[in-house]
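Participant: Take this structure, written in C-alpha cells, and hold onto it; I'll ask about it next.
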Amino acid sequence: MSVFDHPEFDNHEHVAFYHDEEAGLNAIIAVHNTNLGPALGGCRMWPYVNSGEALTDVLRLSKGMTYKAAMANLELGGGKSVIIGDPRKAKTPEMMKAMGKFVESLGGKYFTAEDSGISVTDLQTMATESDYIAGVHAKYHYAGEVPDGNPAPSTAYGVFVGLKATVEFGLKRSLEGVSVAIQGMGHVGYRLAKHLHEHGAKLYVADIYPEGVEKAVSELGATAVAPEEILSLDVDVLAPCALGAAINDQTLPLIKAKVIAGAANNQLAREDMGELLQQRGILYAPDYVINAGGVIDIFHQRMETSSNEALRAHIEQIGDTLKEIYTRAEQEGAATNRVANLIAEERFNLKG
Ligand code: NAD
C-alpha cells in the first residue's frame, strides 16, 4: 500500500500504523499539520473492507480537521485516527486500552476524541493509558448548564449563530419570520430548531425517524415535511443536519432556498458544487466553518482555565468568520467554500 504518493496524502506530517495482536487492534493515526498546535481529531471505528480504505478515510478526515481548527481560531492542528473493525462486534476494553497506548506513543502530537463507533466510555478506557484523550472531563457549558461532555449543544449553538450571520449577510434581514427547512432532527438539528424557534423563525422539519419530528411539531410549532421533499421546499433557508452530500447533482437543481446553512459534514458532493451554488445566487455557509462549535467545545474543556462565557464568546466568532468569508467571496467573485479553504491555508501556513 503506498502512502507518500496516495492521492489524499497532501503533505501529512506523520502517519502511524499500529497492530496489537492480543488486543485485536489494527489502527492508523494521521497527523496532517501541527503548525498551529497539536493535532486534534476524533477516533472512528468502522468495518473498513481493507486497510487501503481505512488509510484513505483517515488521511481525508485529518486534513479536514486542519482546515476546521484554523477557521475556528484554535491553536490546534488537524489529525484523525481510525480503528479497523465493527464497533458492535469487535470492540473490547482491551482494544480501547491498546488504542490509548497508541495515542500515548505519539507523545502529545495528537489528541483523540469521539467519532462514529467510539463513545465517551471508550474514551475513558483509552484515558487509562494516555493523557492525550479529549472529551472525557467536561467542565464548561456555553449556556451555563451542567456539562455532560456531549459537544452537540455547542455545535448547534454555533450553527445557529452562523445561520443568523448568513441570513443577515445574504438576505439583509433578522431571523424573525424567516422560513427554515431542517433536514435531520437529531442531536444537532433539534437543538438548532429550538434556537431558531426562540428567534421567531418558521420551521419545516424532516427526519427518516418520527421522534424528533413529532417533538419539533408539538414543542416548537414546526411543520412536518416528508424527507424526500425537505430539500426542494420553497423556503428562505435550507439547513442540512443529517448526512453528507445533501447537495449533489440530483438535489442542486431542486433547491429553492437562497441560503444554505447547516451542521452536516461534507455537504457538497464535490467542491465545484460551490461554484454551481454561487451561479444560482445561493449563499452557502461552508460546513466545516459553521459546524465548528463542537471542536471549540472540546478545546475549551481541555484548557487549564476557561469559562462558560469564554466558550460562548469563542463559538460566537463563527458568525464573524462567516461574514469575513462572504465579504471576500463577493469581492473576488469566488465561491464561499473556495474562499474558506484559502483563508484556512493562509492561517495554517503562516506559522509554517
Ligand atoms: P444524529 O445522528 O443525532 O442526527 C442525524 C439525524 O438525521 C438522525 O435523526 C437521522 O435519522 C436523520 N437522517 C438521516 N438521513 C436522513 C434523511 N435522508 N432525511 C432526513 N433525516 C435524515 O447526528 P448529529 O450529531 O445531530 O449530527 C448531524 C450532522 O452534523 C452530521 O452530519 C454530523 O457529522 C454533523 N456534525 C455533528 C457534530 C456534533 O457535535 N454532533 C459536530 C460537527 C458536525
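Each chain in the C-alpha cells gets a letter, A, B, ..., in the order shown, and its residues are numbered from 1; ligands are numbered from 1 in order too.
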If the limit is 7 Å from any atom of ligand 1, counting only C-alpha atoms and all ligand atoms, which residues qualify? Return them as a VMD selection string.

Facilitator: chain A and resid 151 to 152 155 183 to 189 206 to 209 212 227 241 to 244 263 to 265 291 to 292 294

Participant: For the structure I just gave you, how does DSSP split range 78-169 of chain A - specifically, which residues are alpha helix (DSSP H)? Reply as a PyMOL selection string.

Facilitator: chain A and resi 93-105+120-126+152-169

Participant: Quick one: residues within 9 Å of Ile318 in chain A, only C-alpha atoms, excluding same-chain residues fewer than 6 positions away - as a ChimeraX atom specification?

Facilitator: /A:71-72,158-159,161-162,165,289-293

Participant: Dump all heavy atoms for the selected residues as a compact mmCIF listing (two decimals), in the first residue's frame?

Facilitator:
```txt
# COMPACT_ATOMS: atom_id res chain seq x y z
N MET A 71 -9.91 27.62 10.92
CA MET A 71 -11.02 28.56 10.74
C MET A 71 -11.75 28.84 12.05
O MET A 71 -12.47 29.83 12.16
CB MET A 71 -12.02 28.01 9.71
CG MET A 71 -11.49 28.03 8.31
SD MET A 71 -10.80 29.63 7.85
CE MET A 71 -12.27 30.50 7.40
N ALA A 72 -11.57 27.98 13.05
CA ALA A 72 -12.23 28.19 14.34
C ALA A 72 -11.32 28.97 15.30
O ALA A 72 -11.60 29.04 16.49
CB ALA A 72 -12.62 26.85 14.95
N GLY A 158 -23.40 27.07 17.57
CA GLY A 158 -22.54 27.63 16.52
C GLY A 158 -23.26 27.67 15.17
O GLY A 158 -23.14 28.65 14.43
N VAL A 159 -24.02 26.64 14.87
CA VAL A 159 -24.76 26.62 13.60
C VAL A 159 -25.84 27.72 13.64
O VAL A 159 -26.04 28.43 12.65
CB VAL A 159 -25.38 25.23 13.33
CG1 VAL A 159 -26.26 25.27 12.07
CG2 VAL A 159 -24.30 24.17 13.17
N VAL A 161 -25.73 30.58 15.37
CA VAL A 161 -25.04 31.88 15.22
C VAL A 161 -24.63 32.08 13.75
O VAL A 161 -24.79 33.17 13.19
CB VAL A 161 -23.79 31.90 16.14
CG1 VAL A 161 -22.87 33.06 15.80
CG2 VAL A 161 -24.20 31.94 17.60
N GLY A 162 -24.12 31.00 13.13
CA GLY A 162 -23.67 31.08 11.74
C GLY A 162 -24.82 31.28 10.77
O GLY A 162 -24.72 32.03 9.80
N ALA A 165 -25.93 34.89 10.96
CA ALA A 165 -25.00 35.78 10.25
C ALA A 165 -25.18 35.65 8.74
O ALA A 165 -25.08 36.63 8.00
CB ALA A 165 -23.55 35.42 10.64
N VAL A 289 -16.81 25.39 8.70
CA VAL A 289 -16.73 26.65 9.44
C VAL A 289 -17.94 26.76 10.36
O VAL A 289 -17.79 27.01 11.56
CB VAL A 289 -16.69 27.85 8.47
CG1 VAL A 289 -16.61 29.16 9.24
CG2 VAL A 289 -15.53 27.73 7.48
N ILE A 290 -19.11 26.51 9.84
CA ILE A 290 -20.34 26.73 10.63
C ILE A 290 -20.54 25.63 11.68
O ILE A 290 -21.15 25.87 12.72
CB ILE A 290 -21.58 26.87 9.70
CG1 ILE A 290 -22.78 27.43 10.49
CG2 ILE A 290 -21.94 25.59 9.01
CD1 ILE A 290 -23.97 27.83 9.63
N ASN A 291 -19.98 24.43 11.46
CA ASN A 291 -20.23 23.36 12.45
C ASN A 291 -19.07 23.15 13.42
O ASN A 291 -18.96 22.10 14.05
CB ASN A 291 -20.64 22.05 11.75
CG ASN A 291 -19.49 21.35 11.04
OD1 ASN A 291 -18.31 21.64 11.26
ND2 ASN A 291 -19.81 20.39 10.18
N ALA A 292 -18.23 24.20 13.60
CA ALA A 292 -17.03 24.05 14.45
C ALA A 292 -17.29 24.20 15.95
O ALA A 292 -16.37 24.07 16.74
CB ALA A 292 -15.97 25.05 14.01
N GLY A 293 -18.54 24.46 16.35
CA GLY A 293 -18.83 24.64 17.78
C GLY A 293 -18.38 23.45 18.62
O GLY A 293 -17.89 23.63 19.74
```

Participant: Extract, using only C-alpha atoms, all DNA, RNA and protein residues at most 9 Å from Glu275 in chain A, discarding same-chain residues fewer than 2 positions from it, and format them as a list in words.

Facilitator: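 Once the nearby chain positions are removed, what remains is Glu271, Asp272, Met273, Leu277, Gln278, Gln279, Arg280, Ala334, Ala335, Thr336, Asn337 and Arg338 of chain A.
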
Participant: How about saving the chosen residues, C-alpha atoms kept, as a CSV table (one decimal), in the first residue's frame?

Facilitator:
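Saved to result.csv:
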```csv
chain,number,residue,atom,x,y,z
A,271,GLU,CA,-16.1,21.1,-4.3
A,272,ASP,CA,-17.3,22.5,-7.7
A,273,MET,CA,-20.9,22.5,-6.3
A,277,LEU,CA,-24.5,27.4,-5.9
A,278,GLN,CA,-22.8,30.7,-6.5
A,279,GLN,CA,-24.1,30.9,-10.1
A,280,ARG,CA,-27.6,30.2,-8.8
A,334,ALA,CA,-15.4,33.3,-5.8
A,335,ALA,CA,-17.4,30.5,-4.3
A,336,THR,CA,-17.6,30.6,-0.4
A,337,ASN,CA,-16.2,27.1,0.0
A,338,ARG,CA,-13.1,28.0,-2.0
```

Participant: Leaving out Thr251 in chain A and any residue of its chain fewer than 6 positions from it, which residues lie within 10 Å of it when counting only C-alpha atoms, given as a PyMOL selection string?

Facilitator: chain A and resi 231-232+245

Participant: In Å, rounded to a single decimal, give me how far CA of Ala246 in chain A is from CA of Arg270 in chain A.

Facilitator: 10.7 Å

Participant: Taking into account only C-alpha atoms, which residue in the set A:Val259, A:Val167, A:Ala16, A:Leu203 is nearest to Gly319 in chain A?

Facilitator: A:Val167

Participant: Nearest to Leu350 in chain A among A:Asn35, A:Glu21, A:Val15, A:Ala134, with distances taken over only C-alpha atoms: which residue is it?

Facilitator: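 Nearest to Leu350 in chain A: A:Asn35.
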
Participant: Taking 5 positions as the minimum chain separation for residues in the same chain, which residues sit within 9 Å of Leu61 in chain A when counting only C-alpha atoms? Answer as a list in words.

Facilitator: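 Answer for this query is Ala30, Gly41, Thr56, Gly78, Gly79, Lys80 and Ser81 of chain A.
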
Participant: Write out as a PyMOL selection string which residues come within 12 Å of Gln124 in chain A when counting only C-alpha atoms, dropping same-chain ones fewer than 3 positions away.

Facilitator: chain A and resi 93+96-97+99-100+112-114+118-121+127-137+149

Participant: Mind pulling up the distance from CA of Gly85 in chain A to CA of Val31 in chain A?

Facilitator: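 It comes out at 21.0 Å.
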
Participant: In Å to one decimal, how far is CA of Asp236 in chain A from CA of Lys256 in chain A?

Facilitator: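 Rounded to one decimal, the two atoms are 7.8 Å apart.
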
Participant: Just list as an NGL selection string whatever in range 224-267 of chain A DSSP marks as strand (DSSP E).

Facilitator: :A and (224 or 237-240 or 259-260)

Participant: Keeping only N, CA, C and O atoms, take the residues you just selected and write them out as a CSV table (one decimal), in the first residue's frame.

Facilitator:
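Written output follows (selection_38.csv):
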```csv
chain,number,residue,atom,x,y,z
A,224,ALA,N,-44.2,19.4,9.8
A,224,ALA,CA,-43.5,18.1,9.4
A,224,ALA,C,-43.5,18.0,7.9
A,224,ALA,O,-44.6,18.3,7.3
A,237,VAL,N,-34.3,29.5,3.9
A,237,VAL,CA,-33.0,28.8,4.3
A,237,VAL,C,-33.2,27.3,4.3
A,237,VAL,O,-34.2,26.8,4.8
A,238,LEU,N,-32.1,26.7,3.9
A,238,LEU,CA,-32.1,25.2,4.0
A,238,LEU,C,-30.9,24.8,4.9
A,238,LEU,O,-29.8,25.3,4.8
A,239,ALA,N,-31.2,24.0,5.9
A,239,ALA,CA,-30.2,23.6,6.9
A,239,ALA,C,-30.0,22.1,6.9
A,239,ALA,O,-30.8,21.4,7.5
A,240,PRO,N,-29.0,21.6,6.1
A,240,PRO,CA,-28.8,20.2,6.1
A,240,PRO,C,-28.1,19.7,7.5
A,240,PRO,O,-27.0,20.2,7.8
A,259,VAL,N,-30.3,30.6,1.0
A,259,VAL,CA,-29.2,30.4,1.9
A,259,VAL,C,-29.2,28.9,2.3
A,259,VAL,O,-30.2,28.3,2.5
A,260,ILE,N,-27.9,28.4,2.3
A,260,ILE,CA,-27.8,27.0,2.9
A,260,ILE,C,-26.8,27.1,4.1
A,260,ILE,O,-25.7,27.6,3.9
```

Participant: Between A:Asn308, A:Ser116, A:Gln267, A:Thr66, which one has atoms that come closest to Arg44 in chain A, using only C-alpha atoms?

Facilitator: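 Of all the options, A:Ser116 lies closest to Arg44 in chain A.
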
Participant: Tell me which of A:Leu123, A:Ala269, A:Met303, A:Ala285 sits closest to Tyr140 in chain A, counting only C-alpha atoms.

Facilitator: A:Met303

Participant: Have a look at A:Thr34, A:Pro87, A:Met95, A:Tyr48 and name the one nearest to Asp20 in chain A; count only C-alpha atoms.

Facilitator: A:Met95

Participant: Hey, which of A:Asn11, A:Gln250, A:Ser62, A:Asn33 ends up closest to Gly77 in chain A? Count only C-alpha atoms.

Facilitator: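 Comparing A:Asn11, A:Gln250, A:Ser62, A:Asn33 against Gly77 in chain A, the winner is A:Asn33.
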